[in-house]
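Printed here is structure.txt (compact mmCIF, C-alpha atoms):
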# COMPACT_ATOMS: atom_id res chain seq x y z
CA MET A 12 57.34 -7.01 -10.68
CA LYS A 13 56.63 -3.39 -9.96
CA ILE A 14 53.16 -2.28 -11.00
CA THR A 15 50.71 0.41 -10.01
CA LEU A 16 47.67 -1.15 -8.35
CA ASN A 17 44.72 1.19 -7.88
CA GLY A 18 47.09 4.14 -7.94
CA GLU A 19 49.63 2.71 -5.47
CA ALA A 20 53.06 1.31 -6.25
CA ARG A 21 53.14 -2.43 -5.52
CA ASP A 22 55.67 -5.20 -6.01
CA LEU A 23 53.76 -8.38 -6.88
CA ALA A 24 54.99 -11.77 -8.05
CA GLY A 25 52.33 -12.23 -10.75
CA PRO A 26 52.99 -13.31 -13.39
CA THR A 27 49.35 -13.07 -14.56
CA VAL A 28 46.63 -10.64 -13.58
CA GLN A 29 44.67 -13.49 -12.01
CA ASP A 30 47.74 -14.42 -9.92
CA ALA A 31 48.04 -10.81 -8.80
CA LEU A 32 44.41 -10.75 -7.70
CA VAL A 33 45.00 -13.88 -5.62
CA GLN A 34 48.13 -12.29 -4.13
CA ILE A 35 46.17 -9.25 -2.93
CA GLY A 36 43.36 -11.35 -1.50
CA LEU A 37 40.80 -10.74 -4.25
CA GLY A 38 41.11 -14.03 -6.10
CA GLY A 39 37.46 -14.91 -5.60
CA ALA A 40 36.02 -11.44 -5.16
CA LYS A 41 33.40 -9.81 -7.37
CA VAL A 42 35.61 -7.25 -9.06
CA ALA A 43 36.24 -5.87 -12.53
CA THR A 44 39.65 -5.03 -13.93
CA ALA A 45 41.26 -2.57 -16.29
CA LEU A 46 44.86 -2.80 -17.45
CA ASN A 47 46.60 0.37 -18.60
CA GLY A 48 43.28 2.12 -19.06
CA GLY A 49 41.55 -0.58 -21.10
CA PHE A 50 38.93 -3.05 -19.89
CA LEU A 51 40.31 -6.50 -19.11
CA PRO A 52 37.47 -9.05 -19.09
CA ALA A 53 37.51 -11.60 -16.27
CA PRO A 54 38.04 -14.59 -18.59
CA SER A 55 41.22 -12.96 -19.93
CA ARG A 56 42.90 -12.41 -16.55
CA ALA A 57 44.55 -15.80 -16.30
CA ALA A 58 46.14 -15.47 -19.73
CA THR A 59 47.27 -11.85 -19.33
CA GLN A 60 50.86 -11.40 -18.16
CA LEU A 61 51.78 -8.38 -16.08
CA LYS A 62 54.96 -6.49 -16.79
CA ASP A 63 56.91 -3.79 -15.00
CA GLY A 64 55.21 -0.43 -15.14
CA ASP A 65 51.70 -1.76 -15.77
CA ALA A 66 48.77 0.06 -14.20
CA LEU A 67 46.08 -2.29 -12.92
CA GLU A 68 42.74 -1.03 -11.70
CA VAL A 69 40.53 -3.31 -9.62
CA VAL A 70 37.03 -2.00 -8.96
CA ALA A 71 33.97 -3.24 -7.14
CA PRO A 72 30.32 -2.24 -6.78
CA MET A 73 29.91 0.97 -4.83
CA GLN A 74 27.23 3.50 -3.88
CA GLY A 75 26.23 5.83 -6.70
CA GLY A 76 23.67 8.35 -7.82
CA MET B 26 4.98 2.91 -15.71
CA PRO B 27 8.16 3.61 -17.67
CA VAL B 28 9.52 1.20 -20.25
CA PHE B 29 13.26 1.42 -20.88
CA TYR B 30 14.70 -0.61 -23.75
CA GLY B 31 11.73 -2.94 -23.64
CA THR B 32 11.91 -3.49 -19.89
CA ASP B 33 8.92 -2.55 -17.76
CA VAL B 34 9.95 -0.71 -14.63
CA GLU B 35 7.64 -0.83 -11.64
CA SER B 36 7.96 2.79 -10.52
CA PRO B 37 8.88 6.10 -12.15
CA LEU B 38 11.15 6.84 -9.17
CA MET B 39 14.77 5.99 -9.86
CA LEU B 40 16.77 6.26 -6.65
CA GLY B 41 20.49 6.54 -6.00
CA THR B 42 22.31 4.51 -3.38
CA ALA B 43 24.91 7.04 -2.19
CA LEU B 44 25.21 9.40 0.78
CA TYR B 45 22.77 7.67 3.18
CA PRO B 46 23.50 7.70 6.92
CA SER B 47 23.70 3.90 6.88
CA PRO B 48 23.11 0.91 4.58
CA ALA B 49 20.05 -0.01 6.64
CA ILE B 50 18.48 3.42 6.11
CA MET B 51 19.21 3.18 2.40
CA ALA B 52 17.45 -0.17 2.18
CA GLU B 53 14.50 1.18 4.17
CA ALA B 54 14.25 4.20 1.85
CA PHE B 55 13.96 1.85 -1.11
CA ARG B 56 11.26 -0.15 0.63
CA ALA B 57 9.33 2.97 1.69
CA SER B 58 9.40 4.50 -1.77
CA GLY B 59 8.98 1.44 -3.95
CA ALA B 60 11.69 2.86 -6.22
CA GLY B 61 11.85 1.06 -9.54
CA ILE B 62 15.58 1.29 -10.26
CA ALA B 63 18.70 1.62 -8.11
CA THR B 64 21.69 3.51 -9.45
CA VAL B 65 25.15 2.31 -8.43
CA SER B 66 28.76 2.96 -9.33
CA LEU B 67 32.18 1.34 -9.47
CA ARG B 68 35.12 2.34 -7.34
CA ARG B 69 38.49 0.90 -6.43
CA GLU B 70 37.97 -2.12 -4.24
CA GLY B 71 38.95 -1.19 -0.70
CA GLY B 72 37.10 -3.96 1.07
CA ALA B 73 33.54 -2.63 1.13
CA GLY B 74 32.49 -3.61 -2.35
CA GLN B 75 31.47 -7.19 -1.69
CA ASP B 76 29.06 -6.35 1.14
CA PHE B 77 27.58 -3.53 -0.88
CA HIS B 78 26.96 -5.83 -3.81
CA ASN B 79 24.98 -8.18 -1.56
CA LEU B 80 23.01 -5.26 -0.14
CA ILE B 81 22.08 -4.10 -3.64
CA LYS B 82 21.00 -7.56 -4.70
CA GLY B 83 18.73 -7.65 -1.65
CA LEU B 84 16.83 -4.56 -2.86
CA ASN B 85 15.30 -6.64 -5.64
CA VAL B 86 15.15 -3.82 -8.17
CA PRO B 87 16.94 -3.47 -11.51
CA VAL B 88 20.37 -1.89 -11.16
CA LEU B 89 21.57 0.99 -13.31
CA PRO B 90 25.35 1.42 -13.01
CA ASN B 91 26.79 4.85 -13.73
CA THR B 92 30.02 6.29 -15.07
CA ALA B 93 30.04 9.10 -12.51
CA GLY B 94 33.29 11.01 -12.30
CA CYS B 95 34.46 10.15 -15.80
CA HIS B 96 35.92 13.07 -17.74
CA SER B 97 36.84 11.42 -21.03
CA VAL B 98 35.32 9.11 -23.60
CA ARG B 99 37.89 6.42 -22.86
CA GLU B 100 37.32 6.53 -19.12
CA ALA B 101 33.57 6.32 -19.59
CA VAL B 102 33.76 3.47 -22.08
CA THR B 103 36.14 1.43 -19.92
CA THR B 104 34.00 2.06 -16.84
CA ALA B 105 30.88 0.99 -18.71
CA GLN B 106 32.56 -2.21 -19.84
CA MET B 107 33.61 -3.02 -16.28
CA ALA B 108 30.10 -2.24 -15.02
CA ARG B 109 28.50 -4.53 -17.58
CA GLU B 110 30.63 -7.42 -16.44
CA LEU B 111 30.22 -6.71 -12.72
CA PHE B 112 26.48 -6.08 -12.66
CA ASP B 113 25.59 -8.34 -15.59
CA THR B 114 23.46 -5.69 -17.30
CA PRO B 115 23.65 -3.86 -20.63
CA TRP B 116 22.23 -0.74 -18.94
CA ILE B 117 24.60 2.13 -18.30
CA LYS B 118 23.90 5.61 -16.99
CA LEU B 119 26.42 7.49 -19.07
CA GLU B 120 27.98 10.52 -17.41
CA VAL B 121 30.88 12.39 -18.95
CA ILE B 122 31.70 15.55 -17.05
CA ARG B 123 33.77 18.52 -18.10
CA ASP B 124 33.20 21.15 -15.44
CA ASP B 125 33.51 20.12 -11.81
CA ASP B 126 31.71 23.14 -10.37
CA THR B 127 28.47 22.46 -12.19
CA LEU B 128 29.00 18.78 -13.10
CA CYS B 129 27.55 19.82 -16.43
CA PRO B 130 27.72 17.00 -18.99
CA ASP B 131 30.41 17.29 -21.66
CA VAL B 132 27.87 16.79 -24.40
CA ILE B 133 30.44 16.40 -27.20
CA ALA B 134 32.21 13.55 -25.43
CA LEU B 135 28.85 12.19 -24.27
CA VAL B 136 27.59 11.72 -27.82
CA GLU B 137 30.83 10.05 -28.88
CA ALA B 138 30.81 7.67 -25.91
CA ALA B 139 27.11 6.94 -26.43
CA ARG B 140 27.79 5.91 -30.02
CA ILE B 141 30.69 3.64 -29.08
CA LEU B 142 28.70 1.98 -26.30
CA SER B 143 25.48 1.62 -28.30
CA ASP B 144 27.43 0.00 -31.14
CA ASP B 145 28.88 -2.39 -28.56
CA GLY B 146 25.43 -3.53 -27.42
CA PHE B 147 24.97 -1.27 -24.40
CA GLN B 148 21.62 0.28 -23.58
CA VAL B 149 22.66 3.80 -22.77
CA PHE B 150 20.88 6.17 -20.37
CA PRO B 151 22.67 9.45 -21.11
CA TYR B 152 22.86 12.15 -18.44
CA CYS B 153 22.53 15.16 -20.74
CA THR B 154 21.40 18.74 -20.97
CA GLU B 155 18.00 19.85 -22.27
CA ASP B 156 19.54 21.06 -25.54
CA LEU B 157 17.37 19.73 -28.39
CA SER B 158 20.31 19.27 -30.75
CA VAL B 159 22.26 17.28 -28.20
CA CYS B 160 19.20 15.17 -27.46
CA GLY B 161 18.76 14.52 -31.17
CA ARG B 162 22.41 13.54 -31.56
CA LEU B 163 22.11 11.11 -28.67
CA LEU B 164 19.13 9.46 -30.31
CA ASP B 165 21.10 9.28 -33.58
CA ALA B 166 23.91 7.61 -31.63
CA GLY B 167 21.57 4.82 -30.57
CA CYS B 168 20.13 6.00 -27.25
CA GLU B 169 16.48 5.12 -26.66
CA VAL B 170 16.20 7.07 -23.40
CA LEU B 171 17.16 10.65 -22.59
CA MET B 172 17.97 11.96 -19.12
CA PRO B 173 18.29 15.75 -19.16
CA TRP B 174 19.31 17.41 -15.93
CA GLY B 175 16.88 19.45 -13.84
CA ALA B 176 19.73 21.33 -12.19
CA PRO B 177 23.36 20.55 -11.24
CA ILE B 178 23.82 17.26 -9.37
CA GLY B 179 23.31 17.67 -5.65
CA SER B 180 22.15 21.29 -5.91
CA GLY B 181 18.51 20.68 -4.98
CA ARG B 182 17.44 23.63 -7.11
CA GLY B 183 14.64 21.85 -8.90
CA LEU B 184 13.94 22.40 -12.58
CA ASN B 185 16.12 25.30 -13.73
CA ASN B 186 14.62 25.36 -17.20
CA PRO B 187 11.05 24.08 -17.33
CA TYR B 188 10.66 25.59 -20.80
CA GLY B 189 13.62 23.59 -22.08
CA LEU B 190 12.38 20.38 -20.52
CA ARG B 191 8.90 20.97 -21.95
CA SER B 192 10.52 21.44 -25.36
CA VAL B 193 12.34 18.12 -25.08
CA ARG B 194 9.05 16.44 -24.21
CA ALA B 195 7.30 18.06 -27.15
CA HIS B 196 10.04 17.28 -29.67
CA PHE B 197 10.50 13.65 -28.70
CA PRO B 198 7.01 12.50 -27.77
CA ASP B 199 7.81 8.80 -28.07
CA VAL B 200 11.17 8.72 -26.28
CA PRO B 201 11.22 7.77 -22.59
CA LEU B 202 12.41 10.86 -20.71
CA VAL B 203 13.88 11.09 -17.23
CA VAL B 204 14.73 14.22 -15.26
CA ASP B 205 18.06 13.31 -13.76
CA ALA B 206 19.65 15.42 -11.01
CA GLY B 207 18.90 18.69 -9.29
CA ILE B 208 15.75 17.62 -7.48
CA GLY B 209 15.49 18.99 -3.94
CA LEU B 210 11.84 18.77 -3.01
CA PRO B 211 8.89 16.53 -3.83
CA SER B 212 7.29 19.48 -5.61
CA HIS B 213 10.23 19.50 -8.07
CA ALA B 214 9.69 15.83 -8.81
CA ALA B 215 5.96 16.38 -9.23
CA GLN B 216 6.66 19.22 -11.65
CA ALA B 217 8.83 16.96 -13.80
CA MET B 218 6.02 14.43 -14.02
CA GLU B 219 3.45 17.17 -14.71
CA LEU B 220 5.59 18.13 -17.72
CA GLY B 221 5.05 14.64 -19.05
CA PHE B 222 8.35 13.05 -18.12
CA ASP B 223 8.35 9.32 -17.65
CA ALA B 224 10.53 9.12 -14.56
CA VAL B 225 12.68 11.07 -12.12
CA LEU B 226 16.15 10.08 -10.97
CA LEU B 227 17.31 11.50 -7.64
CA ASN B 228 19.64 10.68 -4.79
CA THR B 229 20.87 13.56 -2.63
CA ALA B 230 17.42 14.98 -1.88
CA VAL B 231 16.50 11.73 -0.16
CA ALA B 232 19.83 10.57 1.23
CA LYS B 233 20.77 13.91 2.82
CA ALA B 234 17.31 14.73 4.18
CA GLY B 235 16.98 14.64 7.95
CA ASP B 236 14.69 11.64 7.57
CA PRO B 237 15.64 9.88 4.33
CA VAL B 238 12.96 7.22 4.65
CA ALA B 239 10.16 9.78 5.01
CA MET B 240 11.58 11.85 2.16
CA ALA B 241 11.79 8.80 -0.08
CA ARG B 242 8.12 8.15 0.55
CA ALA B 243 7.28 11.82 -0.06
CA MET B 244 9.11 11.73 -3.40
CA ALA B 245 7.25 8.61 -4.46
CA LEU B 246 3.89 10.17 -3.60
CA ALA B 247 4.76 13.42 -5.38
CA ILE B 248 5.83 11.55 -8.49
CA GLN B 249 2.59 9.60 -8.45
CA ALA B 250 0.60 12.83 -8.02
CA GLY B 251 2.48 14.54 -10.84
CA GLN B 252 1.88 11.65 -13.17
CA LEU B 253 -1.83 11.49 -12.34
CA ALA B 254 -2.08 15.22 -12.91
CA HIS B 255 -0.37 15.03 -16.28
CA ASP B 256 -2.62 12.22 -17.41
CA ALA B 257 -5.66 14.19 -16.21
CA ASN B 258 -4.97 16.98 -18.74
CA PRO B 259 -4.52 20.06 -16.52
CA ILE B 260 -6.15 23.41 -17.29
CA GLU B 261 -4.19 26.17 -18.95
CA ALA B 262 -2.99 29.01 -16.73
CA ARG B 263 -4.59 32.39 -17.49
CA ASP B 264 -3.95 35.95 -16.42
CA MET B 265 -7.45 36.98 -15.31
CA ALA B 266 -9.76 35.43 -12.79
CA ALA B 267 -12.63 33.24 -13.92
CA PRO B 268 -15.23 32.70 -11.18
CA SER B 269 -15.80 29.10 -10.34
CA THR B 270 -19.06 29.76 -8.50
CA PRO B 271 -21.93 30.52 -10.89
CA VAL B 272 -22.82 34.19 -11.18
CA PHE B 273 -26.26 33.45 -12.64
CA GLY B 274 -28.90 33.06 -9.97
CA MET B 275 -27.18 35.14 -7.36
CA ALA B 276 -29.65 36.92 -5.07
CA VAL B 277 -29.85 40.70 -5.44
CA LEU B 278 -29.21 41.99 -1.96
CA GLY B 279 -27.80 45.44 -2.30
As structure tokens, please, write out the structure in this file.
Amino acid sequence: MKITLNGEARDLAGPTVQDALVQIGLGGAKVATALNGGFLPAPSRAATQLKDGDALEVVAPMQGG
Amino acid sequence: MPVFYGTDVESPLMLGTALYPSPAIMAEAFRASGAGIATVSLRREGGAGQDFHNLIKGLNVPVLPNTAGCHSVREAVTTAQMARELFDTPWIKLEVIRDDDTLCPDVIALVEAARILSDDGFQVFPYCTEDLSVCGRLLDAGCEVLMPWGAPIGSGRGLNNPYGLRSVRAHFPDVPLVVDAGIGLPSHAAQAMELGFDAVLLNTAVAKAGDPVAMARAMALAIQAGQLAHDANPIEARDMAAPSTPVFGMAVLG
């Protein structure tokens, strides 16, 4: 399905958010997710289906002030 | 030493983790300064996040994630929720910005976000202005720490409004206060502590110095000096001289 992943158009098989993370190589990574602007807790990823047009944000720890 | 939300922090220096020449220099700056808290952020995972997370864990100091760059309540709340999960902490340095030239906090959105997050169990460290009404509203919203700016982030101007900061200290004598942002020199950090603030949060002044490790140490020493001075009850400034050497007993020679 066609989603926007971190601002870029991507075509991923899914069907769940957890599947999508595995498909982009972040299945076991320390990341946090937001779906369509709202926080998606890690335990909910496997039960959350992606659909066309969804915007998924995947973030990680980074330098900050 | 400062106490934030019941947690004792080992140093009043809160140090950012951005803009250093290298991760090794950042880690050395933390060691040299003994900083008590490390601020961090969240960004889209591009491959560097996992190594950085390990580096941060190796610093062995409490982590304070921020919502830097957020311009709306929703963005800030979602970012805070992601940070809580990722860093496993209820602490959040809440930044909501309206103007990109000054990075001045959007205090209206800040209060709203602070209320939402406090109600959700977060322990909010709001990056705010020195406006007494805003500070009061943030406390009403559930904040137990206030972090008014010294000057715009990254400007290195020092304390633009010492009077305002002194007023915040006087009005909220029991609230832990942090000067957050605008520090350029150790003397600025010392001044914040002399005003009775509990801690100083800085990043650019250390990270962008020619020798970040030396500057980190200088900041730590200045903060310690400022705190000692405040606790020592400094004299009041006066307009006229007052001789320190006794006049009585001076020989008559002329």
Can you check which parts of chain B lie within 10 Å of chain A? Per residue, the shortest pair of atoms and distance in Å to one decimal, counting only C-alpha atoms, sorted by chain and number, as a Markdown table.
| residue | atom | partner | partner_atom | distance |
| --- | --- | --- | --- | --- |
| B:Met39 | CA | A:Gly76 | CA | 9.4 |
| B:Leu40 | CA | A:Gly76 | CA | 7.3 |
| B:Gly41 | CA | A:Gly76 | CA | 4.1 |
| B:Thr42 | CA | A:Gln74 | CA | 5.0 |
| B:Ala43 | CA | A:Gln74 | CA | 4.6 |
| B:Leu44 | CA | A:Gln74 | CA | 7.8 |
| B:Tyr45 | CA | A:Gln74 | CA | 9.3 |
| B:Pro48 | CA | A:Gln74 | CA | 9.8 |
| B:Ala63 | CA | A:Gly76 | CA | 8.4 |
| B:Thr64 | CA | A:Gly76 | CA | 5.5 |
| B:Val65 | CA | A:Gly75 | CA | 4.1 |
| B:Ser66 | CA | A:Gly75 | CA | 4.6 |
| B:Leu67 | CA | A:Pro72 | CA | 4.8 |
| B:Arg68 | CA | A:Val70 | CA | 5.0 |
| B:Arg69 | CA | A:Val70 | CA | 4.1 |
| B:Glu70 | CA | A:Val70 | CA | 4.8 |
| B:Gly71 | CA | A:Ala71 | CA | 8.4 |
| B:Gly72 | CA | A:Ala71 | CA | 8.8 |
| B:Ala73 | CA | A:Met73 | CA | 7.9 |
| B:Gly74 | CA | A:Ala71 | CA | 5.0 |
| B:Gln75 | CA | A:Lys41 | CA | 6.5 |
| B:Asp76 | CA | A:Pro72 | CA | 9.0 |
| B:Phe77 | CA | A:Met73 | CA | 6.4 |
| B:His78 | CA | A:Pro72 | CA | 5.7 |
| B:Asn79 | CA | A:Pro72 | CA | 9.5 |
| B:Ile81 | CA | A:Pro72 | CA | 9.0 |
| B:Leu89 | CA | A:Gly76 | CA | 9.4 |
| B:Pro90 | CA | A:Gly75 | CA | 7.7 |
| B:Asn91 | CA | A:Gly75 | CA | 7.1 |
| B:Thr92 | CA | A:Gly75 | CA | 9.2 |
| B:Ala93 | CA | A:Gly75 | CA | 7.7 |
| B:Arg99 | CA | A:Gly48 | CA | 7.9 |
| B:Glu100 | CA | A:Gly48 | CA | 7.4 |
| B:Val102 | CA | A:Phe50 | CA | 8.6 |
| B:Thr103 | CA | A:Phe50 | CA | 5.3 |
| B:Thr104 | CA | A:Phe50 | CA | 7.7 |
| B:Ala105 | CA | A:Phe50 | CA | 9.1 |
| B:Gln106 | CA | A:Phe50 | CA | 6.4 |
| B:Met107 | CA | A:Ala43 | CA | 5.4 |
| B:Ala108 | CA | A:Ala43 | CA | 7.6 |
| B:Arg109 | CA | A:Ala43 | CA | 9.3 |
| B:Glu110 | CA | A:Ala43 | CA | 7.0 |
| B:Leu111 | CA | A:Ala43 | CA | 6.1 |
| B:Phe112 | CA | A:Pro72 | CA | 8.0 |
| B:Lys118 | CA | A:Gly76 | CA | 9.6 |
| B:Ile178 | CA | A:Gly76 | CA | 9.0 |
| B:Gly179 | CA | A:Gly76 | CA | 9.6 |
| B:Asp205 | CA | A:Gly76 | CA | 9.6 |
| B:Ala206 | CA | A:Gly76 | CA | 8.7 |
| B:Leu226 | CA | A:Gly76 | CA | 8.3 |
| B:Leu227 | CA | A:Gly76 | CA | 7.1 |
| B:Asn228 | CA | A:Gly76 | CA | 5.6 |
| B:Thr229 | CA | A:Gly76 | CA | 7.9 |
Can those selected residues be exported to a file as a PDB file, in the coordinates of the input so that it contains C-alpha atoms?
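So the final result, stored in selection.pdb, reads:
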ATOM      1  CA  MET B  39      14.770   5.990  -9.860  1.00  0.00           C
ATOM      2  CA  LEU B  40      16.770   6.260  -6.650  1.00  0.00           C
ATOM      3  CA  GLY B  41      20.490   6.540  -6.000  1.00  0.00           C
ATOM      4  CA  THR B  42      22.310   4.510  -3.380  1.00  0.00           C
ATOM      5  CA  ALA B  43      24.910   7.040  -2.190  1.00  0.00           C
ATOM      6  CA  LEU B  44      25.210   9.400   0.780  1.00  0.00           C
ATOM      7  CA  TYR B  45      22.770   7.670   3.180  1.00  0.00           C
ATOM      8  CA  PRO B  48      23.110   0.910   4.580  1.00  0.00           C
ATOM      9  CA  ALA B  63      18.700   1.620  -8.110  1.00  0.00           C
ATOM     10  CA  THR B  64      21.690   3.510  -9.450  1.00  0.00           C
ATOM     11  CA  VAL B  65      25.150   2.310  -8.430  1.00  0.00           C
ATOM     12  CA  SER B  66      28.760   2.960  -9.330  1.00  0.00           C
ATOM     13  CA  LEU B  67      32.180   1.340  -9.470  1.00  0.00           C
ATOM     14  CA  ARG B  68      35.120   2.340  -7.340  1.00  0.00           C
ATOM     15  CA  ARG B  69      38.490   0.900  -6.430  1.00  0.00           C
ATOM     16  CA  GLU B  70      37.970  -2.120  -4.240  1.00  0.00           C
ATOM     17  CA  GLY B  71      38.950  -1.190  -0.700  1.00  0.00           C
ATOM     18  CA  GLY B  72      37.100  -3.960   1.070  1.00  0.00           C
ATOM     19  CA  ALA B  73      33.540  -2.630   1.130  1.00  0.00           C
ATOM     20  CA  GLY B  74      32.490  -3.610  -2.350  1.00  0.00           C
ATOM     21  CA  GLN B  75      31.470  -7.190  -1.690  1.00  0.00           C
ATOM     22  CA  ASP B  76      29.060  -6.350   1.140  1.00  0.00           C
ATOM     23  CA  PHE B  77      27.580  -3.530  -0.880  1.00  0.00           C
ATOM     24  CA  HIS B  78      26.960  -5.830  -3.810  1.00  0.00           C
ATOM     25  CA  ASN B  79      24.980  -8.180  -1.560  1.00  0.00           C
ATOM     26  CA  ILE B  81      22.080  -4.100  -3.640  1.00  0.00           C
ATOM     27  CA  LEU B  89      21.570   0.990 -13.310  1.00  0.00           C
ATOM     28  CA  PRO B  90      25.350   1.420 -13.010  1.00  0.00           C
ATOM     29  CA  ASN B  91      26.790   4.850 -13.730  1.00  0.00           C
ATOM     30  CA  THR B  92      30.020   6.290 -15.070  1.00  0.00           C
ATOM     31  CA  ALA B  93      30.040   9.100 -12.510  1.00  0.00           C
ATOM     32  CA  ARG B  99      37.890   6.420 -22.860  1.00  0.00           C
ATOM     33  CA  GLU B 100      37.320   6.530 -19.120  1.00  0.00           C
ATOM     34  CA  VAL B 102      33.760   3.470 -22.080  1.00  0.00           C
ATOM     35  CA  THR B 103      36.140   1.430 -19.920  1.00  0.00           C
ATOM     36  CA  THR B 104      34.000   2.060 -16.840  1.00  0.00           C
ATOM     37  CA  ALA B 105      30.880   0.990 -18.710  1.00  0.00           C
ATOM     38  CA  GLN B 106      32.560  -2.210 -19.840  1.00  0.00           C
ATOM     39  CA  MET B 107      33.610  -3.020 -16.280  1.00  0.00           C
ATOM     40  CA  ALA B 108      30.100  -2.240 -15.020  1.00  0.00           C
ATOM     41  CA  ARG B 109      28.500  -4.530 -17.580  1.00  0.00           C
ATOM     42  CA  GLU B 110      30.630  -7.420 -16.440  1.00  0.00           C
ATOM     43  CA  LEU B 111      30.220  -6.710 -12.720  1.00  0.00           C
ATOM     44  CA  PHE B 112      26.480  -6.080 -12.660  1.00  0.00           C
ATOM     45  CA  LYS B 118      23.900   5.610 -16.990  1.00  0.00           C
ATOM     46  CA  ILE B 178      23.820  17.260  -9.370  1.00  0.00           C
ATOM     47  CA  GLY B 179      23.310  17.670  -5.650  1.00  0.00           C
ATOM     48  CA  ASP B 205      18.060  13.310 -13.760  1.00  0.00           C
ATOM     49  CA  ALA B 206      19.650  15.420 -11.010  1.00  0.00           C
ATOM     50  CA  LEU B 226      16.150  10.080 -10.970  1.00  0.00           C
ATOM     51  CA  LEU B 227      17.310  11.500  -7.640  1.00  0.00           C
ATOM     52  CA  ASN B 228      19.640  10.680  -4.790  1.00  0.00           C
ATOM     53  CA  THR B 229      20.870  13.560  -2.630  1.00  0.00           C
TER      54      THR B 229
END
Distance query Gly146 of chain B at most 10 Å, all atoms listed in the file, self and fewer than 2 positions along chain excluded, as a PyMOL selection string: chain B and resi 115-116+141-144+148-149+167
Quote the spacing between atom CA of Arg56 of chain A and atom CA of Gly25 of chain A in Å to one decimal place.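 Pair atom CA of Arg56 of chain A / atom CA of Gly25 of chain A returns 11.1 Å.
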State, in Å with one decimal place, the distance from atom CA of Pro211 of chain B to atom CA of Asp236 of chain B. 13.7 Å
I'd like the contact shell of Ala66 of chain A - 7 Å cut-off, all atoms listed in the file, skipping same-chain residues fewer than 3 positions apart - returned as a PDB file with C-alpha atoms, in the frame of the given file.
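The result, written out as out01.pdb:
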ATOM      1  CA  ILE A  14      53.160  -2.280 -11.000  1.00  0.00           C
ATOM      2  CA  THR A  15      50.710   0.410 -10.010  1.00  0.00           C
ATOM      3  CA  LEU A  16      47.670  -1.150  -8.350  1.00  0.00           C
ATOM      4  CA  LEU A  46      44.860  -2.800 -17.450  1.00  0.00           C
ATOM      5  CA  ASN A  47      46.600   0.370 -18.600  1.00  0.00           C
TER       6      ASN A  47
END
Report, in Å with one decimal, the straight-line distance from atom CA of Val98 of chain B to atom CA of Leu128 of chain B. 15.6 Å
